[in-house]
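Here's protein.txt, which has compact mmCIF, C-alpha atoms:
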```txt
# COMPACT_ATOMS: atom_id res chain seq x y z
CA MET T 1 -6.72 -94.61 49.40
CA ALA T 2 -4.18 -97.15 48.11
CA HIS T 3 -4.59 -100.47 49.85
CA GLN T 4 -1.60 -102.61 50.73
CA PRO T 5 -1.43 -106.34 51.49
CA ILE T 6 -2.01 -107.13 55.16
CA LYS T 7 -0.63 -109.72 57.55
CA LEU T 8 -3.40 -112.14 58.39
CA THR T 9 -3.87 -113.55 61.87
CA LYS T 10 -4.88 -117.15 62.57
CA VAL T 11 -8.44 -115.93 63.14
CA ASP T 12 -8.40 -114.10 59.80
CA ARG T 13 -7.38 -117.28 57.98
CA GLU T 14 -10.01 -119.34 59.75
CA ILE T 15 -12.68 -116.82 58.76
CA LEU T 16 -11.57 -116.85 55.12
CA ASN T 17 -11.38 -120.65 54.99
CA SER T 18 -14.87 -120.89 56.47
CA TYR T 19 -16.21 -119.31 53.27
CA ILE T 20 -14.93 -122.10 51.03
CA THR T 21 -17.71 -124.61 51.75
CA MET T 22 -20.32 -121.88 51.41
CA ILE T 23 -18.89 -120.86 48.03
CA GLN T 24 -18.83 -124.46 46.81
CA GLY T 25 -22.46 -124.96 47.82
CA LEU T 26 -23.55 -121.67 46.29
CA ALA T 27 -21.80 -122.47 43.01
CA PHE T 28 -23.48 -125.88 42.87
CA TYR T 29 -26.85 -124.24 43.54
CA LEU T 30 -26.54 -121.42 41.01
CA GLY T 31 -24.88 -123.38 38.20
CA ASN T 32 -21.97 -123.04 35.80
CA GLY T 33 -22.85 -119.51 34.71
CA TYR T 34 -21.55 -118.09 37.97
CA GLU T 35 -17.87 -117.73 38.73
CA MET T 36 -17.16 -117.67 42.48
CA VAL T 37 -13.87 -116.20 43.67
CA LEU T 38 -12.42 -115.92 47.16
CA HIS T 39 -9.55 -113.44 47.54
CA SER T 40 -7.15 -113.14 50.44
CA LEU T 41 -5.69 -109.67 50.91
CA GLU T 42 -2.47 -111.06 52.33
CA SER T 43 -0.95 -111.27 48.86
CA PHE T 44 -2.14 -109.27 45.88
CA GLU T 45 0.09 -111.32 43.57
CA HIS T 46 -1.55 -114.63 44.59
CA SER T 47 -4.80 -113.50 46.15
CA VAL T 48 -7.17 -116.12 44.73
CA ILE T 49 -7.45 -118.90 47.32
CA CYS T 50 -10.64 -120.50 45.97
CA ILE T 51 -12.29 -120.25 42.57
CA ILE T 52 -15.12 -122.17 40.94
CA ASN T 53 -16.08 -121.91 37.26
CA GLY T 54 -12.92 -119.92 36.63
CA GLU T 55 -13.14 -120.59 32.92
CA HIS T 56 -15.21 -117.44 32.54
CA THR T 57 -12.19 -115.27 33.36
CA GLY T 58 -9.41 -117.80 32.76
CA ARG T 59 -8.20 -117.77 36.37
CA LYS T 60 -7.09 -120.46 38.81
CA VAL T 61 -6.10 -120.62 42.47
CA GLY T 62 -2.99 -118.48 42.93
CA ALA T 63 -4.04 -115.85 40.39
CA PRO T 64 -3.50 -112.20 41.35
CA ILE T 65 -6.18 -109.78 42.42
CA THR T 66 -7.57 -107.62 39.62
CA ASP T 67 -7.20 -103.88 39.35
CA LEU T 68 -10.99 -103.62 39.33
CA ALA T 69 -11.24 -105.65 42.54
CA LEU T 70 -8.78 -103.23 44.16
CA ASN T 71 -10.91 -100.36 42.96
CA MET T 72 -14.02 -102.04 44.38
CA LEU T 73 -12.15 -102.44 47.68
CA ASP T 74 -11.53 -98.69 47.69
CA GLU T 75 -15.19 -98.01 46.91
CA ILE T 76 -16.32 -100.31 49.73
CA SER T 77 -13.90 -98.67 52.16
CA LYS T 78 -15.31 -95.24 51.31
CA GLY T 79 -18.95 -96.27 51.48
CA GLN T 80 -21.29 -97.50 54.17
CA GLU T 81 -21.93 -100.96 52.72
CA ASP T 82 -19.58 -103.94 52.61
CA TYR T 83 -20.65 -104.87 49.09
CA ILE T 84 -20.98 -103.36 45.65
CA THR T 85 -22.58 -104.59 42.42
CA TYR T 86 -21.42 -103.57 38.97
CA PHE T 87 -21.07 -104.65 35.33
CA SER T 88 -17.72 -105.58 33.81
CA LYS T 89 -16.16 -107.63 30.99
CA ASN T 90 -13.75 -110.56 30.88
CA ARG T 91 -10.57 -110.67 28.79
CA LYS T 92 -12.60 -111.66 25.72
CA GLY T 93 -14.82 -108.61 26.12
CA GLU T 94 -17.78 -110.73 27.18
CA PRO T 95 -20.23 -109.14 29.63
CA LEU T 96 -20.31 -109.99 33.33
CA LYS T 97 -22.58 -108.88 36.11
CA SER T 98 -20.46 -108.82 39.23
CA THR T 99 -20.62 -108.25 42.93
CA THR T 100 -17.77 -107.82 45.39
CA ILE T 101 -18.38 -108.46 49.08
CA ALA T 102 -15.92 -107.54 51.78
CA ILE T 103 -14.95 -110.18 54.33
CA ARG T 104 -14.04 -108.78 57.71
CA GLY T 105 -11.74 -110.62 60.03
CA ASP T 106 -9.98 -110.00 63.30
CA LYS T 107 -10.74 -106.55 64.76
CA GLY T 108 -13.08 -105.73 61.90
CA ARG T 109 -10.40 -105.38 59.22
CA ILE T 110 -11.25 -106.26 55.63
CA VAL T 111 -9.13 -109.37 55.08
CA GLY T 112 -10.66 -110.79 51.92
CA LEU T 113 -13.13 -110.35 49.11
CA PHE T 114 -15.84 -112.70 47.88
CA CYS T 115 -16.62 -111.99 44.23
CA ILE T 116 -19.41 -113.39 42.06
CA ASN T 117 -19.25 -112.92 38.31
CA PHE T 118 -22.28 -113.94 36.28
CA TYR T 119 -21.35 -114.76 32.69
CA MET T 120 -24.16 -113.00 30.85
CA ASN T 121 -23.63 -114.99 27.65
CA THR T 122 -24.69 -118.16 29.48
CA PRO T 123 -27.29 -119.91 27.28
CA ILE T 124 -30.79 -119.61 28.68
CA HIS T 125 -31.08 -123.39 28.37
CA ASP T 126 -28.19 -123.84 30.83
CA ILE T 127 -29.78 -121.41 33.28
CA LEU T 128 -33.12 -123.22 33.12
CA GLN T 129 -31.40 -126.56 33.60
CA THR T 130 -30.12 -125.44 37.01
CA MET T 131 -33.73 -124.87 38.09
CA LEU T 132 -34.88 -128.36 37.20
CA PRO T 133 -34.28 -131.57 39.17
CA VAL T 134 -31.78 -133.99 37.69
CA SER T 135 -34.44 -136.68 37.94
CA ALA T 136 -38.08 -136.79 38.96
CA PRO T 137 -38.39 -135.72 42.60
CA PRO T 138 -39.26 -138.51 45.05
CA MET T 139 -42.80 -138.72 46.30
CA ASN T 140 -41.67 -138.06 49.87
CA THR T 141 -39.89 -134.79 49.11
CA PRO T 142 -40.05 -132.86 52.39
CA LYS T 143 -41.96 -129.62 52.60
CA GLU T 144 -40.04 -126.76 54.17
CA ASN T 145 -41.98 -124.45 56.48
CA PHE T 146 -41.15 -120.78 55.98
CA ALA T 147 -42.81 -119.53 59.15
CA GLU T 148 -42.93 -115.91 60.24
CA ASN T 149 -42.33 -116.74 63.90
CA SER T 150 -41.54 -119.65 66.20
CA ASP T 151 -45.18 -120.21 67.23
CA GLU T 152 -46.21 -120.65 63.61
CA LEU T 153 -43.27 -122.97 62.99
CA ILE T 154 -44.23 -125.20 65.92
CA GLU T 155 -47.91 -125.24 64.99
CA THR T 156 -47.22 -125.99 61.33
CA ALA T 157 -44.78 -128.78 62.14
CA LEU T 158 -47.19 -130.27 64.67
CA GLU T 159 -50.09 -130.21 62.21
CA ALA T 160 -48.01 -131.96 59.53
CA VAL T 161 -46.84 -134.64 61.95
CA LYS T 162 -50.34 -135.17 63.37
CA ASN T 163 -51.73 -135.74 59.89
CA GLU T 164 -48.99 -138.26 59.20
CA ILE T 165 -49.41 -140.15 62.49
CA TYR T 166 -53.21 -140.12 62.46
CA ALA T 167 -53.17 -141.60 58.95
CA ASP T 168 -50.93 -144.48 60.07
CA GLN T 169 -53.33 -147.27 61.00
CA SER T 170 -50.51 -149.34 62.49
CA ILE T 171 -50.21 -146.89 65.42
CA SER T 172 -52.85 -147.37 68.09
CA ALA T 173 -54.87 -144.40 69.31
CA SER T 174 -53.19 -144.58 72.73
CA ASN T 175 -49.75 -144.26 71.15
CA LYS T 176 -50.50 -141.44 68.71
CA ASN T 177 -49.22 -138.62 70.94
CA LYS T 178 -46.07 -140.55 71.76
CA HIS T 179 -45.21 -140.96 68.09
CA ILE T 180 -46.09 -137.33 67.37
CA VAL T 181 -43.57 -136.26 70.01
CA TYR T 182 -41.01 -138.69 68.59
CA GLN T 183 -41.40 -137.19 65.12
CA LEU T 184 -41.21 -133.62 66.36
CA ASP T 185 -38.07 -134.49 68.27
CA GLU T 186 -36.58 -136.00 65.10
CA ARG T 187 -37.23 -132.71 63.34
CA GLY T 188 -35.50 -130.73 66.08
CA ILE T 189 -38.64 -128.82 67.05
CA PHE T 190 -37.91 -129.13 70.76
CA ASN T 191 -34.71 -127.13 70.31
CA ILE T 192 -36.97 -124.09 69.94
CA LYS T 193 -37.58 -122.18 73.16
CA ASP T 194 -40.81 -123.17 74.97
CA ALA T 195 -41.66 -125.75 72.28
CA VAL T 196 -42.37 -128.45 74.87
CA VAL T 197 -44.98 -126.32 76.62
CA LYS T 198 -46.59 -125.23 73.35
CA VAL T 199 -46.78 -128.76 71.96
CA ALA T 200 -48.21 -130.04 75.26
CA ASN T 201 -50.94 -127.39 75.18
CA LEU T 202 -51.81 -128.09 71.56
CA LEU T 203 -51.99 -131.84 72.17
CA GLY T 204 -53.91 -131.44 75.42
CA ILE T 205 -51.31 -133.28 77.50
CA SER T 206 -48.93 -132.21 80.24
CA LYS T 207 -45.42 -130.98 79.54
CA ASN T 208 -44.15 -133.78 81.80
CA THR T 209 -45.72 -136.30 79.44
CA VAL T 210 -43.91 -134.67 76.51
CA TYR T 211 -40.62 -134.80 78.42
CA MET T 212 -41.26 -138.46 79.26
CA HIS T 213 -41.73 -139.34 75.60
CA ILE T 214 -38.55 -137.45 74.68
CA ARG T 215 -36.58 -139.30 77.36
CA ASN T 216 -37.98 -142.67 76.32
CA LYS T 217 -37.06 -142.00 72.71
CA ALA T 218 -33.51 -141.12 73.73
CA LYS T 219 -33.16 -144.48 75.49
CA LYS T 220 -33.97 -146.43 72.33
```
Please, can you express the file's structure as structure tokens?
Amino acid sequence: MAHQPIKLTKVDREILNSYITMIQGLAFYLGNGYEMVLHSLESFEHSVICIINGEHTGRKVGAPITDLALNMLDEISKGQEDYITYFSKNRKGEPLKSTTIAIRGDKGRIVGLFCINFYMNTPIHDILQTMLPVSAPPMNTPKENFAENSDELIETALEAVKNEIYADQSISASNKNKHIVYQLDERGIFNIKDAVVKVANLLGISKNTVYMHIRNKAKK
């Protein structure tokens, strides 16, 4: 099936543009070995609307879609998945590991493509550098809780905050629970359904007391 450029709606353009920040963040996270390309299917002649690390293929914003990308679009349209991974080469014949992901817009149409090309000649030193902090991590680097369910998330967060508050000698025993609730609120824990009730039960206080502390904190 030969694909033709399509007329994008306002919603289509908003969806495509919403990918730009994600692409920028992903490129920063993965490092210079990864070329990130966002294609709009409104114009095949100038389909690239965002590109990072384009030196690997020599492209800039406004570059045309590639014949291989069009072929991948056909493959995606025929298959059941909205993505495909493959190996290719740039104009210099250097190896790339690539993936093309369809972006669906208004009414489920494919309106764009997000392509990642990993430059396989990237020095291993450069790859390892992206995994190391620029400087020594601060002592108070936060620990992220990868919980399996909301109950575990609440319990883990509460335990961490309790340890912190109980260790703070400047907080009197009568104010410990208040400060625990304050800290949990700062972390957004009470945005989780039924968190107030669960925290109240675990602390051995009433849910009304938890609500009172939350309200008092909001007044400060």
Compile the contact shell of Asn53 of chain T as a PDB file with C-alpha atoms, keeping the file's coordinate frame: residues with an atom at most 8 Å away, counting all atoms listed in the file, same-chain residues fewer than 5 positions apart removed.
```
ATOM      1  CA  ASN T  32     -21.970-123.040  35.800  1.00  0.00           C
ATOM      2  CA  GLY T  33     -22.850-119.510  34.710  1.00  0.00           C
ATOM      3  CA  TYR T  34     -21.550-118.090  37.970  1.00  0.00           C
ATOM      4  CA  GLU T  35     -17.870-117.730  38.730  1.00  0.00           C
ATOM      5  CA  MET T  36     -17.160-117.670  42.480  1.00  0.00           C
TER       6      MET T  36
END
```
Could you make a table, as JSON lines, of the residues of segment 79-190 of chain T that have an atom within 8 Å of an atom of segment 55-65 of chain T, each with its nearest atom pair and distance in Å to one decimal, counting all atoms listed in the file, in chain and number order?
```
{"residue": "T:Asn90", "atom": "CA", "partner": "T:Thr57", "partner_atom": "CA", "distance": 5.5}
{"residue": "T:Arg91", "atom": "CA", "partner": "T:Thr57", "partner_atom": "CA", "distance": 6.7}
{"residue": "T:Tyr119", "atom": "CA", "partner": "T:His56", "partner_atom": "CA", "distance": 6.7}
```
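Every protein or nucleic acid residue with an atom no more than 12 Å from Asn163 of chain T, counting all atoms listed in the file and leaving out same-chain residues fewer than 5 positions away, appears here: Thr156, Ala157, Leu158, Asp168, Gln169, Lys176, Asn177, His179, Ile180 and Gln183 of chain T.
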| field | Residue with smallest distance to Phe114 of chain T - pool T:Tyr211, T:Phe44, T:Tyr29, T:Tyr19, counting only C-alpha atoms | value | T:Tyr19
| field | Nearest to Ile23 of chain T, chosen from T:Leu73, T:Leu68, T:Ile116, T:Ile103, with all atoms listed in the file counted in the distances | value | T:Ile116
| What is the atom CA of Thr100 of chain T-atom CA of His125 of chain T distance in Å, reported with one decimal? | 26.6 Å
| query | Using only C-alpha atoms, which of T:Leu153, T:Ile214, T:Ala200, T:Ile165 sits nearest Tyr182 of chain T? | reply | T:Ile214
| Option closest in space to Thr122 of chain T, from T:Ser47, T:Asp12, T:Ala167, T:Pro95 [counting only C-alpha atoms] | T:Pro95
| Between atom CA of Leu70 of chain T and atom CA of His3 of chain T, what is the distance, to one decimal in Å? | 7.6 Å
| task | Identify which of the residues T:Val161, T:Leu30, T:Leu113, T:Ile192 lies closest to Asn149 of chain T, counting all atoms listed in the file when measuring atom-to-atom distances. | result |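 Answer, going by the shortest atom-to-atom distance: T:Ile192.
Interatomic distance, atom CA of Lys107 of chain T to atom CA of Thr21 of chain T: 23.3 Å.
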| message | List as a ChimeraX atom specification the residues having at least one atom at most 12 Å from position (-44.5, -136.4, 79.2) as given in the file, counting only C-alpha atoms. | response | /T:177-178,180-182,196-197,199-201,203-217
Give the padded box for segment 51-67 of chain T as AutoDock Vina command-line options: axis-aligned, covering all atoms listed in the file, 8 Å on each side, centre and edge lengths in Å to one decimal.
```
--center_x -9.5 --center_y -113.0 --center_z 37.7 --size_x 29.1 --size_y 34.3 --size_z 26.4
```
Using the atoms already present, construct N, CA, C and O atoms for segment 84-104 of chain T and hand them back as a PDB file, in the coordinates of the input.
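The resulting file, out.pdb, is shown below:
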```
ATOM      1  N   ILE T  84     -20.685-104.235  46.785  1.00  0.00           N
ATOM      2  CA  ILE T  84     -20.980-103.360  45.650  1.00  0.00           C
ATOM      3  C   ILE T  84     -21.250-104.235  44.435  1.00  0.00           C
ATOM      4  O   ILE T  84     -20.615-105.269  44.245  1.00  0.00           O
ATOM      5  N   THR T  85     -22.225-103.843  43.620  1.00  0.00           N
ATOM      6  CA  THR T  85     -22.580-104.590  42.420  1.00  0.00           C
ATOM      7  C   THR T  85     -22.323-103.717  41.202  1.00  0.00           C
ATOM      8  O   THR T  85     -22.580-102.509  41.223  1.00  0.00           O
ATOM      9  N   TYR T  86     -21.825-104.341  40.142  1.00  0.00           N
ATOM     10  CA  TYR T  86     -21.420-103.570  38.970  1.00  0.00           C
ATOM     11  C   TYR T  86     -21.372-104.478  37.747  1.00  0.00           C
ATOM     12  O   TYR T  86     -21.494-105.705  37.865  1.00  0.00           O
ATOM     13  N   PHE T  87     -21.207-103.897  36.566  1.00  0.00           N
ATOM     14  CA  PHE T  87     -21.070-104.650  35.330  1.00  0.00           C
ATOM     15  C   PHE T  87     -19.630-104.509  34.836  1.00  0.00           C
ATOM     16  O   PHE T  87     -19.021-103.447  34.953  1.00  0.00           O
ATOM     17  N   SER T  88     -19.097-105.601  34.305  1.00  0.00           N
ATOM     18  CA  SER T  88     -17.720-105.580  33.810  1.00  0.00           C
ATOM     19  C   SER T  88     -17.618-106.509  32.605  1.00  0.00           C
ATOM     20  O   SER T  88     -18.629-107.023  32.111  1.00  0.00           O
ATOM     21  N   LYS T  89     -16.393-106.731  32.120  1.00  0.00           N
ATOM     22  CA  LYS T  89     -16.160-107.630  30.990  1.00  0.00           C
ATOM     23  C   LYS T  89     -14.939-108.496  31.292  1.00  0.00           C
ATOM     24  O   LYS T  89     -14.019-108.070  32.001  1.00  0.00           O
ATOM     25  N   ASN T  90     -14.937-109.720  30.734  1.00  0.00           N
ATOM     26  CA  ASN T  90     -13.750-110.560  30.880  1.00  0.00           C
ATOM     27  C   ASN T  90     -12.733-110.208  29.799  1.00  0.00           C
ATOM     28  O   ASN T  90     -12.930-109.261  29.031  1.00  0.00           O
ATOM     29  N   ARG T  91     -11.647-110.992  29.733  1.00  0.00           N
ATOM     30  CA  ARG T  91     -10.570-110.670  28.790  1.00  0.00           C
ATOM     31  C   ARG T  91     -11.015-110.770  27.331  1.00  0.00           C
ATOM     32  O   ARG T  91     -10.417-110.157  26.451  1.00  0.00           O
ATOM     33  N   LYS T  92     -12.078-111.532  27.090  1.00  0.00           N
ATOM     34  CA  LYS T  92     -12.600-111.660  25.720  1.00  0.00           C
ATOM     35  C   LYS T  92     -13.590-110.556  25.381  1.00  0.00           C
ATOM     36  O   LYS T  92     -14.118-110.521  24.272  1.00  0.00           O
ATOM     37  N   GLY T  93     -13.857-109.677  26.345  1.00  0.00           N
ATOM     38  CA  GLY T  93     -14.820-108.610  26.120  1.00  0.00           C
ATOM     39  C   GLY T  93     -16.252-109.035  26.342  1.00  0.00           C
ATOM     40  O   GLY T  93     -17.190-108.302  26.000  1.00  0.00           O
ATOM     41  N   GLU T  94     -16.436-110.216  26.939  1.00  0.00           N
ATOM     42  CA  GLU T  94     -17.780-110.730  27.180  1.00  0.00           C
ATOM     43  C   GLU T  94     -18.340-110.141  28.478  1.00  0.00           C
ATOM     44  O   GLU T  94     -17.607-109.958  29.455  1.00  0.00           O
ATOM     45  N   PRO T  95     -19.640-109.865  28.496  1.00  0.00           N
ATOM     46  CA  PRO T  95     -20.230-109.140  29.630  1.00  0.00           C
ATOM     47  C   PRO T  95     -20.386-110.006  30.890  1.00  0.00           C
ATOM     48  O   PRO T  95     -20.747-111.181  30.817  1.00  0.00           O
ATOM     49  N   LEU T  96     -20.143-109.364  32.024  1.00  0.00           N
ATOM     50  CA  LEU T  96     -20.310-109.990  33.330  1.00  0.00           C
ATOM     51  C   LEU T  96     -21.116-109.059  34.223  1.00  0.00           C
ATOM     52  O   LEU T  96     -20.947-107.834  34.162  1.00  0.00           O
ATOM     53  N   LYS T  97     -21.978-109.628  35.017  1.00  0.00           N
ATOM     54  CA  LYS T  97     -22.580-108.880  36.110  1.00  0.00           C
ATOM     55  C   LYS T  97     -21.919-109.364  37.379  1.00  0.00           C
ATOM     56  O   LYS T  97     -21.925-110.565  37.674  1.00  0.00           O
ATOM     57  N   SER T  98     -21.329-108.441  38.123  1.00  0.00           N
ATOM     58  CA  SER T  98     -20.460-108.820  39.230  1.00  0.00           C
ATOM     59  C   SER T  98     -20.874-108.179  40.539  1.00  0.00           C
ATOM     60  O   SER T  98     -21.515-107.130  40.566  1.00  0.00           O
ATOM     61  N   THR T  99     -20.493-108.843  41.604  1.00  0.00           N
ATOM     62  CA  THR T  99     -20.620-108.250  42.930  1.00  0.00           C
ATOM     63  C   THR T  99     -19.373-108.577  43.722  1.00  0.00           C
ATOM     64  O   THR T  99     -18.808-109.661  43.590  1.00  0.00           O
ATOM     65  N   THR T 100     -18.923-107.638  44.508  1.00  0.00           N
ATOM     66  CA  THR T 100     -17.770-107.820  45.390  1.00  0.00           C
ATOM     67  C   THR T 100     -18.226-107.563  46.814  1.00  0.00           C
ATOM     68  O   THR T 100     -18.816-106.523  47.105  1.00  0.00           O
ATOM     69  N   ILE T 101     -17.944-108.530  47.684  1.00  0.00           N
ATOM     70  CA  ILE T 101     -18.380-108.460  49.080  1.00  0.00           C
ATOM     71  C   ILE T 101     -17.165-108.524  49.976  1.00  0.00           C
ATOM     72  O   ILE T 101     -16.335-109.430  49.846  1.00  0.00           O
ATOM     73  N   ALA T 102     -17.050-107.565  50.859  1.00  0.00           N
ATOM     74  CA  ALA T 102     -15.920-107.540  51.780  1.00  0.00           C
ATOM     75  C   ALA T 102     -16.076-108.599  52.857  1.00  0.00           C
ATOM     76  O   ALA T 102     -17.172-108.849  53.359  1.00  0.00           O
ATOM     77  N   ILE T 103     -14.982-109.218  53.222  1.00  0.00           N
ATOM     78  CA  ILE T 103     -14.950-110.180  54.330  1.00  0.00           C
ATOM     79  C   ILE T 103     -14.114-109.575  55.439  1.00  0.00           C
ATOM     80  O   ILE T 103     -12.932-109.262  55.239  1.00  0.00           O
ATOM     81  N   ARG T 104     -14.740-109.378  56.570  1.00  0.00           N
ATOM     82  CA  ARG T 104     -14.040-108.780  57.710  1.00  0.00           C
ATOM     83  C   ARG T 104     -13.547-109.861  58.653  1.00  0.00           C
ATOM     84  O   ARG T 104     -14.238-110.833  58.927  1.00  0.00           O
TER      85      ARG T 104
END
```
